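Q: I am sharing model.txt, which consists of compact mmCIF, C-alpha atoms and all ligand atoms:
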```txt
# COMPACT_ATOMS: atom_id res chain seq x y z
CA MET A 1 -24.75 16.12 -55.75
CA ARG A 2 -28.56 16.36 -55.72
CA PHE A 3 -28.93 20.13 -55.81
CA PRO A 4 -26.13 21.68 -57.86
CA GLN A 5 -25.58 25.44 -57.68
CA TYR A 6 -25.71 25.69 -61.43
CA ARG A 7 -29.13 24.79 -62.77
CA PRO A 8 -29.09 25.24 -66.54
CA ARG A 9 -32.90 25.09 -66.73
CA ARG A 10 -33.17 28.51 -65.04
CA LEU A 11 -32.10 30.06 -68.32
CA ARG A 12 -34.58 28.03 -70.35
CA ALA A 13 -37.68 29.20 -68.51
CA ASN A 14 -39.18 31.33 -71.29
CA ALA A 15 -38.57 32.53 -74.84
CA THR A 16 -37.16 35.86 -73.71
CA ILE A 17 -34.36 34.50 -71.57
CA ARG A 18 -33.66 31.75 -74.10
CA SER A 19 -33.14 34.33 -76.81
CA MET A 20 -30.98 36.45 -74.49
CA VAL A 21 -28.46 33.67 -73.85
CA ARG A 22 -28.55 32.17 -77.35
CA GLU A 23 -25.02 31.68 -78.76
CA ALA A 24 -25.33 31.12 -82.52
CA ALA A 25 -27.41 33.51 -84.58
CA LEU A 26 -28.96 32.67 -87.91
CA ASP A 27 -29.69 35.63 -90.15
CA PRO A 28 -30.64 35.77 -93.85
CA VAL A 29 -27.59 37.98 -94.45
CA ASP A 30 -25.38 34.92 -93.92
CA LEU A 31 -27.12 32.88 -96.62
CA ILE A 32 -26.13 32.44 -100.27
CA TYR A 33 -28.74 31.08 -102.67
CA PRO A 34 -27.66 28.80 -105.57
CA LEU A 35 -29.28 29.43 -108.96
CA PHE A 36 -29.18 27.30 -112.12
CA VAL A 37 -29.33 29.27 -115.34
CA LYS A 38 -30.19 27.80 -118.74
CA PRO A 39 -30.87 29.08 -122.27
CA GLY A 40 -34.34 30.02 -123.48
CA LYS A 41 -37.12 32.43 -122.58
CA GLY A 42 -39.72 32.08 -119.87
CA VAL A 43 -38.12 28.83 -118.71
CA ARG A 44 -38.78 27.66 -115.16
CA ASP A 45 -38.07 23.92 -115.02
CA GLU A 46 -38.43 22.35 -111.62
CA ILE A 47 -35.57 19.98 -110.73
CA PRO A 48 -37.22 16.64 -109.92
CA SER A 49 -34.80 15.57 -107.19
CA MET A 50 -34.84 19.08 -105.66
CA PRO A 51 -38.49 20.08 -105.18
CA GLY A 52 -38.87 23.87 -105.07
CA GLN A 53 -35.63 24.50 -107.02
CA PHE A 54 -35.68 25.49 -110.67
CA GLN A 55 -33.55 25.81 -113.75
CA LEU A 56 -34.26 29.36 -114.92
CA SER A 57 -33.73 31.27 -118.13
CA VAL A 58 -31.97 34.63 -117.87
CA ASP A 59 -35.21 36.63 -118.19
CA GLN A 60 -36.46 35.04 -114.94
CA LEU A 61 -33.56 36.37 -112.91
CA PRO A 62 -34.73 39.93 -112.12
CA ALA A 63 -37.87 38.65 -110.37
CA GLU A 64 -35.79 36.10 -108.51
CA ILE A 65 -33.36 38.79 -107.33
CA ASP A 66 -36.24 41.04 -106.22
CA GLU A 67 -37.64 38.20 -104.16
CA LEU A 68 -34.27 37.47 -102.53
CA ARG A 69 -33.74 41.15 -101.77
CA GLY A 70 -37.15 41.35 -100.18
CA LEU A 71 -36.23 38.42 -97.97
CA GLY A 72 -32.87 39.89 -96.94
CA VAL A 73 -30.78 37.24 -98.72
CA PRO A 74 -27.89 39.28 -100.16
CA ALA A 75 -26.18 36.91 -102.60
CA VAL A 76 -26.54 34.20 -105.20
CA ILE A 77 -24.07 31.68 -106.58
CA LEU A 78 -24.65 30.96 -110.27
CA PHE A 79 -24.32 27.64 -112.08
CA GLY A 80 -24.68 27.47 -115.85
CA LEU A 81 -26.28 24.94 -118.18
CA PRO A 82 -24.67 25.79 -121.53
CA SER A 83 -26.38 25.45 -124.88
CA SER A 84 -23.63 23.12 -126.03
CA LYS A 85 -20.85 21.10 -124.45
CA ASP A 86 -17.49 20.01 -125.84
CA ALA A 87 -14.29 18.31 -124.71
CA VAL A 88 -12.71 21.54 -123.45
CA GLY A 89 -15.84 23.24 -122.08
CA SER A 90 -15.61 26.24 -124.41
CA GLU A 91 -18.79 27.92 -123.18
CA ALA A 92 -17.26 28.23 -119.71
CA TYR A 93 -15.17 31.18 -120.89
CA ASP A 94 -17.36 32.44 -123.74
CA PRO A 95 -18.10 36.16 -123.18
CA ASP A 96 -21.64 35.39 -124.31
CA GLY A 97 -21.95 32.20 -122.30
CA ILE A 98 -24.97 31.53 -120.16
CA VAL A 99 -23.38 32.55 -116.85
CA GLN A 100 -21.79 35.66 -118.34
CA ARG A 101 -25.23 36.72 -119.63
CA ALA A 102 -26.82 35.94 -116.27
CA ILE A 103 -24.27 38.10 -114.44
CA ARG A 104 -24.95 41.03 -116.75
CA ALA A 105 -28.71 40.63 -116.42
CA ILE A 106 -28.59 40.67 -112.62
CA LYS A 107 -26.10 43.53 -112.45
CA THR A 108 -28.17 45.59 -114.90
CA HIS A 109 -31.31 44.98 -112.88
CA ASP A 110 -29.83 45.46 -109.39
CA PRO A 111 -26.16 46.53 -109.35
CA GLY A 112 -25.91 46.19 -105.56
CA PHE A 113 -27.02 42.58 -105.41
CA TYR A 114 -24.01 40.35 -104.73
CA VAL A 115 -23.26 37.86 -107.50
CA ILE A 116 -20.92 34.92 -107.00
CA THR A 117 -20.12 32.38 -109.71
CA ASP A 118 -19.09 28.75 -109.45
CA VAL A 119 -15.92 28.30 -111.50
CA CYS A 120 -15.58 24.75 -112.85
CA MET A 121 -15.56 22.84 -116.12
CA CYS A 122 -17.95 19.96 -115.39
CA GLU A 123 -21.10 21.77 -116.52
CA TYR A 124 -19.44 22.64 -119.85
CA THR A 125 -17.50 19.52 -120.82
CA ASP A 126 -19.21 16.75 -122.78
CA HIS A 127 -17.56 14.15 -120.53
CA GLY A 128 -18.75 15.87 -117.33
CA HIS A 129 -15.39 15.97 -115.57
CA CYS A 130 -14.14 19.12 -113.84
CA GLY A 131 -11.17 19.58 -116.19
CA ILE A 132 -9.46 18.69 -119.44
CA LEU A 133 -8.74 15.00 -120.08
CA ASP A 134 -5.76 13.21 -121.56
CA ASP A 135 -6.23 10.20 -123.84
CA SER A 136 -6.57 7.84 -120.91
CA GLY A 137 -9.34 9.90 -119.31
CA TYR A 138 -7.15 11.40 -116.58
CA VAL A 139 -7.93 15.01 -115.65
CA LEU A 140 -4.87 17.08 -116.51
CA ASN A 141 -4.11 19.49 -113.69
CA ASP A 142 -2.08 22.32 -115.19
CA VAL A 143 -3.90 22.46 -118.53
CA THR A 144 -7.15 22.77 -116.59
CA LEU A 145 -5.74 25.67 -114.54
CA GLU A 146 -5.49 27.79 -117.68
CA MET A 147 -9.14 27.11 -118.52
CA LEU A 148 -10.32 27.92 -115.01
CA ALA A 149 -8.34 31.16 -115.03
CA LYS A 150 -9.95 32.14 -118.35
CA GLU A 151 -13.38 31.27 -117.00
CA ALA A 152 -12.86 33.37 -113.85
CA VAL A 153 -11.60 36.34 -115.87
CA SER A 154 -14.59 36.13 -118.23
CA HIS A 155 -16.94 36.20 -115.21
CA ALA A 156 -15.07 39.24 -113.90
CA GLU A 157 -15.40 40.94 -117.29
CA ALA A 158 -19.15 40.33 -117.10
CA GLY A 159 -19.25 42.06 -113.71
CA VAL A 160 -19.23 39.29 -111.11
CA ASP A 161 -18.56 40.27 -107.49
CA MET A 162 -16.76 37.08 -106.39
CA VAL A 163 -15.64 33.81 -107.96
CA ALA A 164 -15.80 30.38 -106.34
CA PRO A 165 -13.62 27.65 -107.88
CA SER A 166 -15.08 24.20 -107.16
CA ASP A 167 -12.89 22.02 -109.39
CA MET A 168 -10.29 20.86 -106.81
CA MET A 169 -7.29 21.07 -109.17
CA ASP A 170 -4.01 21.73 -107.36
CA GLY A 171 -2.99 25.37 -107.56
CA ARG A 172 -6.24 26.73 -108.98
CA VAL A 173 -6.68 29.51 -106.44
CA GLY A 174 -3.21 30.85 -107.21
CA ALA A 175 -3.74 30.56 -110.96
CA ILE A 176 -7.08 32.37 -110.78
CA ARG A 177 -5.71 35.04 -108.44
CA GLU A 178 -2.81 35.72 -110.79
CA ALA A 179 -5.06 35.91 -113.85
CA LEU A 180 -7.58 38.21 -112.16
CA ASP A 181 -4.81 40.49 -110.91
CA SER A 182 -3.08 40.74 -114.26
CA GLU A 183 -6.37 41.51 -116.07
CA GLY A 184 -7.24 44.35 -113.71
CA TYR A 185 -9.54 42.49 -111.31
CA ALA A 186 -7.40 42.55 -108.19
CA ASP A 187 -10.46 43.53 -106.14
CA VAL A 188 -12.53 40.47 -107.07
CA PRO A 189 -12.35 38.07 -104.12
CA ILE A 190 -12.09 34.28 -104.30
CA MET A 191 -14.22 31.94 -102.24
CA ALA A 192 -12.41 28.63 -102.54
CA TYR A 193 -14.13 25.29 -102.24
CA SER A 194 -11.18 24.24 -100.06
CA ALA A 195 -12.17 21.05 -98.27
CA LYS A 196 -14.42 19.60 -100.95
CA TYR A 197 -15.10 15.91 -100.57
CA ALA A 198 -15.94 13.28 -103.19
CA SER A 199 -19.50 12.89 -101.96
CA GLY A 200 -22.66 11.00 -102.72
CA TYR A 201 -24.52 14.07 -101.47
CA TYR A 202 -23.99 15.83 -104.82
CA GLY A 203 -26.37 13.43 -106.59
CA PRO A 204 -29.35 15.77 -107.12
CA PHE A 205 -27.04 18.63 -108.18
CA ARG A 206 -25.82 16.59 -111.09
CA ASP A 207 -29.43 16.46 -112.33
CA ALA A 208 -29.79 20.16 -111.65
CA ALA A 209 -26.63 21.14 -113.51
CA ASP A 210 -26.56 18.21 -115.91
CA SER A 211 -22.96 17.60 -114.89
CA ALA A 212 -22.59 13.91 -114.02
CA PRO A 213 -19.28 12.46 -115.19
CA ALA A 214 -19.82 10.23 -118.24
CA PHE A 215 -17.37 7.68 -116.81
CA GLY A 216 -15.67 7.11 -113.48
CA ASP A 217 -16.09 9.47 -110.56
CA ARG A 218 -14.33 12.50 -109.08
CA SER A 219 -12.14 10.67 -106.55
CA GLN A 220 -8.94 11.60 -108.35
CA TYR A 221 -9.49 15.27 -107.56
CA GLN A 222 -12.09 15.63 -104.81
CA MET A 223 -11.15 14.57 -101.28
CA ASP A 224 -11.56 11.25 -99.50
CA PRO A 225 -14.43 11.55 -96.97
CA ALA A 226 -12.22 9.89 -94.37
CA ASN A 227 -9.72 12.76 -94.29
CA ALA A 228 -9.98 15.75 -91.96
CA GLU A 229 -6.27 16.56 -91.58
CA GLU A 230 -6.02 16.74 -95.34
CA GLY A 231 -8.94 19.17 -95.34
CA LEU A 232 -6.82 21.49 -93.20
CA ARG A 233 -3.85 21.12 -95.56
CA GLU A 234 -6.05 21.88 -98.58
CA THR A 235 -7.41 24.94 -96.79
CA ALA A 236 -3.89 26.12 -95.88
CA LEU A 237 -2.86 25.85 -99.54
CA ASP A 238 -5.86 27.87 -100.72
CA ILE A 239 -5.15 30.60 -98.16
CA GLU A 240 -1.50 30.68 -99.19
CA GLU A 241 -2.59 31.03 -102.83
CA GLY A 242 -4.87 33.94 -102.01
CA ALA A 243 -8.31 32.64 -101.04
CA ASP A 244 -10.41 35.28 -99.27
CA ILE A 245 -13.11 32.91 -98.03
CA VAL A 246 -12.65 29.16 -97.52
CA MET A 247 -15.38 26.57 -97.83
CA VAL A 248 -16.16 23.12 -96.51
CA LYS A 249 -18.46 20.96 -98.62
CA PRO A 250 -20.75 19.08 -97.99
CA ALA A 251 -21.82 20.59 -94.66
CA LEU A 252 -23.58 18.15 -92.35
CA ALA A 253 -21.33 15.12 -92.58
CA TYR A 254 -18.28 17.41 -92.29
CA MET A 255 -19.16 19.65 -89.35
CA ASP A 256 -15.97 18.59 -87.58
CA VAL A 257 -14.01 19.92 -90.55
CA ILE A 258 -15.92 23.22 -90.46
CA ARG A 259 -15.07 23.68 -86.79
CA ARG A 260 -11.41 22.80 -87.29
CA VAL A 261 -11.01 25.04 -90.33
CA LYS A 262 -12.57 27.96 -88.44
CA ASP A 263 -10.42 27.39 -85.34
CA GLU A 264 -7.21 26.77 -87.23
CA PHE A 265 -7.31 29.68 -89.68
CA GLY A 266 -9.89 32.17 -88.39
CA TYR A 267 -10.78 32.96 -91.99
CA PRO A 268 -14.30 33.73 -93.18
CA THR A 269 -15.61 30.20 -93.53
CA ALA A 270 -18.46 29.01 -95.71
CA ALA A 271 -20.35 25.72 -95.53
CA TYR A 272 -22.17 24.31 -98.55
CA ASN A 273 -25.40 22.65 -97.46
CA VAL A 274 -25.53 20.60 -100.67
CA SER A 275 -28.22 19.22 -102.95
CA GLY A 276 -28.42 15.77 -101.34
CA GLU A 277 -28.83 17.29 -97.90
CA TYR A 278 -31.68 19.41 -99.28
CA ALA A 279 -33.29 16.48 -101.09
CA MET A 280 -33.35 14.31 -97.95
CA VAL A 281 -35.14 17.00 -95.96
CA LYS A 282 -37.65 17.65 -98.74
CA ALA A 283 -38.37 13.96 -99.25
CA ALA A 284 -38.99 13.30 -95.58
CA ALA A 285 -41.04 16.48 -95.21
CA GLU A 286 -43.23 15.57 -98.20
CA ARG A 287 -44.07 12.32 -96.46
CA GLY A 288 -44.94 14.17 -93.27
CA TRP A 289 -42.18 12.38 -91.43
CA ILE A 290 -40.40 15.51 -90.20
CA ASP A 291 -41.25 19.13 -89.46
CA GLU A 292 -39.49 20.87 -92.34
CA LYS A 293 -39.29 24.36 -90.85
CA ARG A 294 -37.98 23.11 -87.54
CA ILE A 295 -35.38 20.85 -89.12
CA VAL A 296 -34.13 23.44 -91.61
CA LEU A 297 -33.71 26.18 -89.01
CA GLU A 298 -32.08 23.72 -86.61
CA THR A 299 -29.66 22.54 -89.30
CA LEU A 300 -28.66 26.01 -90.47
CA THR A 301 -28.26 27.24 -86.89
CA ALA A 302 -26.09 24.19 -86.15
CA LEU A 303 -23.85 25.07 -89.11
CA ARG A 304 -23.41 28.57 -87.70
CA ARG A 305 -22.63 27.04 -84.28
CA ALA A 306 -20.06 24.74 -85.93
CA GLY A 307 -18.20 27.80 -87.21
CA ALA A 308 -19.71 28.64 -90.58
CA ASP A 309 -19.91 32.38 -91.18
CA LEU A 310 -21.71 31.86 -94.47
CA ILE A 311 -24.01 29.08 -95.63
CA LEU A 312 -24.74 28.21 -99.24
CA THR A 313 -28.16 26.61 -99.14
CA TYR A 314 -31.18 25.80 -101.28
CA HIS A 315 -33.27 26.46 -98.16
CA ALA A 316 -32.23 30.15 -98.16
CA LYS A 317 -35.57 31.59 -99.23
CA ASP A 318 -37.67 29.39 -96.95
CA ALA A 319 -35.33 30.00 -94.03
CA ALA A 320 -35.44 33.76 -94.55
CA ARG A 321 -39.26 33.65 -94.68
CA TRP A 322 -39.49 31.59 -91.51
CA LEU A 323 -37.01 33.79 -89.67
CA ALA A 324 -38.96 36.91 -90.62
CA ALA A 325 -42.24 35.32 -89.51
CA ASP A 326 -40.74 34.26 -86.18
CA SER A 327 -39.35 37.72 -85.50
CA GLY A 328 -42.72 39.27 -86.31
CA LYS A 329 -41.34 41.08 -89.36
CA ALA A 330 -43.60 39.37 -91.87
C1 LIG A 401 -19.16 21.57 -109.62
C2 LIG A 401 -19.98 21.63 -108.39
C3 LIG A 401 -20.69 20.59 -107.77
C4 LIG A 401 -21.36 21.16 -106.70
C5 LIG A 401 -21.01 22.51 -106.66
N1 LIG A 401 -20.15 22.78 -107.71
C6 LIG A 401 -20.84 19.16 -108.16
C7 LIG A 401 -19.69 18.27 -108.11
O1 LIG A 401 -18.59 18.64 -107.73
O2 LIG A 401 -19.86 17.13 -108.52
C8 LIG A 401 -22.29 20.45 -105.76
C9 LIG A 401 -23.40 21.26 -105.19
C10 LIG A 401 -24.53 20.48 -104.59
O3 LIG A 401 -24.54 19.23 -104.57
O4 LIG A 401 -25.46 21.13 -104.14
N2 LIG A 401 -17.90 21.01 -109.46
ZN ZN A 402 -16.91 20.49 -111.44
```
Taking this structure as input, can you express it in the form of structure tokens?
Ligand code: PBG
Ligand code: ZN
A:
Amino acid sequence: MRFPQYRPRRLRANATIRSMVREAALDPVDLIYPLFVKPGKGVRDEIPSMPGQFQLSVDQLPAEIDELRGLGVPAVILFGLPSSKDAVGSEAYDPDGIVQRAIRAIKTHDPGFYVITDVCMCEYTDHGHCGILDDSGYVLNDVTLEMLAKEAVSHAEAGVDMVAPSDMMDGRVGAIREALDSEGYADVPIMAYSAKYASGYYGPFRDAADSAPAFGDRSQYQMDPANAEEGLRETALDIEEGADIVMVKPALAYMDVIRRVKDEFGYPTAAYNVSGEYAMVKAAAERGWIDEKRIVLETLTALRRAGADLILTYHAKDAARWLAADSGKA
């Protein structure tokens, strides 16, 4: 048929009609900005493999939160670099640990700003694994659950709004839910890293959080990149155990999983646009090989289209700035 009735280009004629028929919306309110907190004063160390991202001391946080607020980004997820590490990751559940202090600093400065914490052991253990090891170096599941529950409760005591377990132990959402409930934090929601894959895309993060495993890798607890069905089963388990928001991570190589998780469960679904995804864009942009703004906004919009309600991304501030400029608000 040479002249079809339906001519899609009619609705692409100008910016007005394109915006009127646009399906997926990208808004700063859907973005969550990751922050790395470390000991010290006046510390702002740029992460070499993540240009534009910094390890910050606690005193730097108020200014950071003001900036995010100004940009319309409502939430951060905190990662801690402790002053010391040991075999059982003691600082993870220390009431005066780095993340606990960061939570209090943000909440004192701006009580309405939404604070999420990553709950895991790898930043706090001297061996860099996400749990407690036995003599052979195997991560013990149920022993680790107790530590994660303690960590989550200590974040709640410090005033966190939501906790996000990223360890991938079996049963951790249930264990954390039970602990929070019994300590009086039944209203603190859990965003579960549900379909979290053993991924090469976490490389730069391990510099950022100083959390590379000292031996082996995370394949005995994180998921095989080949498995989508299993991602649905993992998500179903987390929901059964009490997850309020489910997450797929990484984002770009797992967009099929995002779509399936959203369709299957209809739960609030988050996508983690991870450190390696960020680093690739920054590296290519620095060389002038790609148009950074265009690629970032395209990528984040595509994640929304794929079914992500929320996006954790290091591009959050830039994206919010670009969106404001495009809408004439800045
Ligand atoms: C901790 C954790 C990791 C990330 C988030 N939480 C690293 C890992 O599992 O190895 C990755 C985030 C990123 O790459 O941006 N378990
Ligand atoms: Zn971990």
Q: Please, which residues in chain A fall within 9 Å of ligand LIG 401 (chain A) when counting only C-alpha atoms and all ligand atoms, and what is the closest atom pair and distance in Å to one decimal for each, ordered by chain then residue number, as CSV?
A:
```
residue,atom,partner,partner_atom,distance
A:Pro34,CA,A:LIG401,O4,8.1
A:Phe79,CA,A:LIG401,N1,7.8
A:Asp118,CA,A:LIG401,N1,6.3
A:Val119,CA,A:LIG401,C1,7.7
A:Cys120,CA,A:LIG401,N2,5.6
A:Met121,CA,A:LIG401,N2,7.3
A:Cys122,CA,A:LIG401,N2,6.0
A:Glu123,CA,A:LIG401,C1,7.2
A:Gly128,CA,A:LIG401,O2,9.0
A:His129,CA,A:LIG401,N2,8.3
A:Cys130,CA,A:LIG401,N2,6.1
A:Ala164,CA,A:LIG401,N1,8.9
A:Pro165,CA,A:LIG401,N2,8.1
A:Ser166,CA,A:LIG401,N2,4.8
A:Asp167,CA,A:LIG401,N2,5.1
A:Met168,CA,A:LIG401,N2,8.1
A:Tyr193,CA,A:LIG401,N1,8.5
A:Lys196,CA,A:LIG401,O1,8.0
A:Tyr197,CA,A:LIG401,O1,8.4
A:Ala198,CA,A:LIG401,O1,7.5
A:Ser199,CA,A:LIG401,O2,7.8
A:Gly200,CA,A:LIG401,O3,8.6
A:Tyr201,CA,A:LIG401,O3,6.0
A:Tyr202,CA,A:LIG401,O3,3.5
A:Gly203,CA,A:LIG401,O3,6.4
A:Pro204,CA,A:LIG401,O3,6.5
A:Phe205,CA,A:LIG401,O3,4.4
A:Arg206,CA,A:LIG401,C6,6.3
A:Ala208,CA,A:LIG401,O4,8.7
A:Ala209,CA,A:LIG401,C6,8.1
A:Ser211,CA,A:LIG401,O2,7.1
A:Ala212,CA,A:LIG401,O2,6.9
A:Pro213,CA,A:LIG401,O2,8.2
A:Asp217,CA,A:LIG401,O2,8.8
A:Arg218,CA,A:LIG401,O2,7.2
A:Gln222,CA,A:LIG401,O1,7.7
A:Lys249,CA,A:LIG401,C8,8.1
A:Pro250,CA,A:LIG401,O3,7.6
A:Tyr272,CA,A:LIG401,O4,7.2
A:Asn273,CA,A:LIG401,O4,6.9
A:Val274,CA,A:LIG401,O4,3.5
A:Ser275,CA,A:LIG401,O4,3.6
A:Gly276,CA,A:LIG401,O3,6.1
A:Glu277,CA,A:LIG401,O4,8.1
A:Tyr278,CA,A:LIG401,O4,8.1
A:Leu312,CA,A:LIG401,O4,8.6
A:Thr313,CA,A:LIG401,O4,7.9
A:Tyr314,CA,A:LIG401,O4,7.9
```
Q: Which residues come within 9 Å of segment 258-261 of chain A, counting all atoms listed in the file, excluding same-chain residues fewer than 4 positions away, as a ChimeraX atom specification?
A: /A:195,228,231-232,235,246-249,251,254,265-267,269-271,303,305-308
Q: Between atom CA of Ser154 of chain A and atom CA of Tyr185 of chain A, what is the distance, to one decimal in Å?
A: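 Spanning atom CA of Ser154 of chain A to atom CA of Tyr185 of chain A is a straight-line distance of 10.7 Å.
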Q: Determine the nearest neighbour of Thr301 of chain A from the options A:Trp289, A:Val99, A:Tyr6, A:Asp30, counting only C-alpha atoms.
A: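 Under the stated criterion, the closest residue is A:Asp30.
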Q: Could you tell me how far atom CA of Asn227 of chain A sits from atom CA of Glu264 of chain A, in Å to one decimal place?
A: 15.9 Å
Q: Nearest to Pro189 of chain A among A:Pro268, A:Pro62, A:Gly72, A:Pro48, with distances taken over only C-alpha atoms: which residue is it?
A: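 Smallest separation from Pro189 of chain A among the options: A:Pro268.
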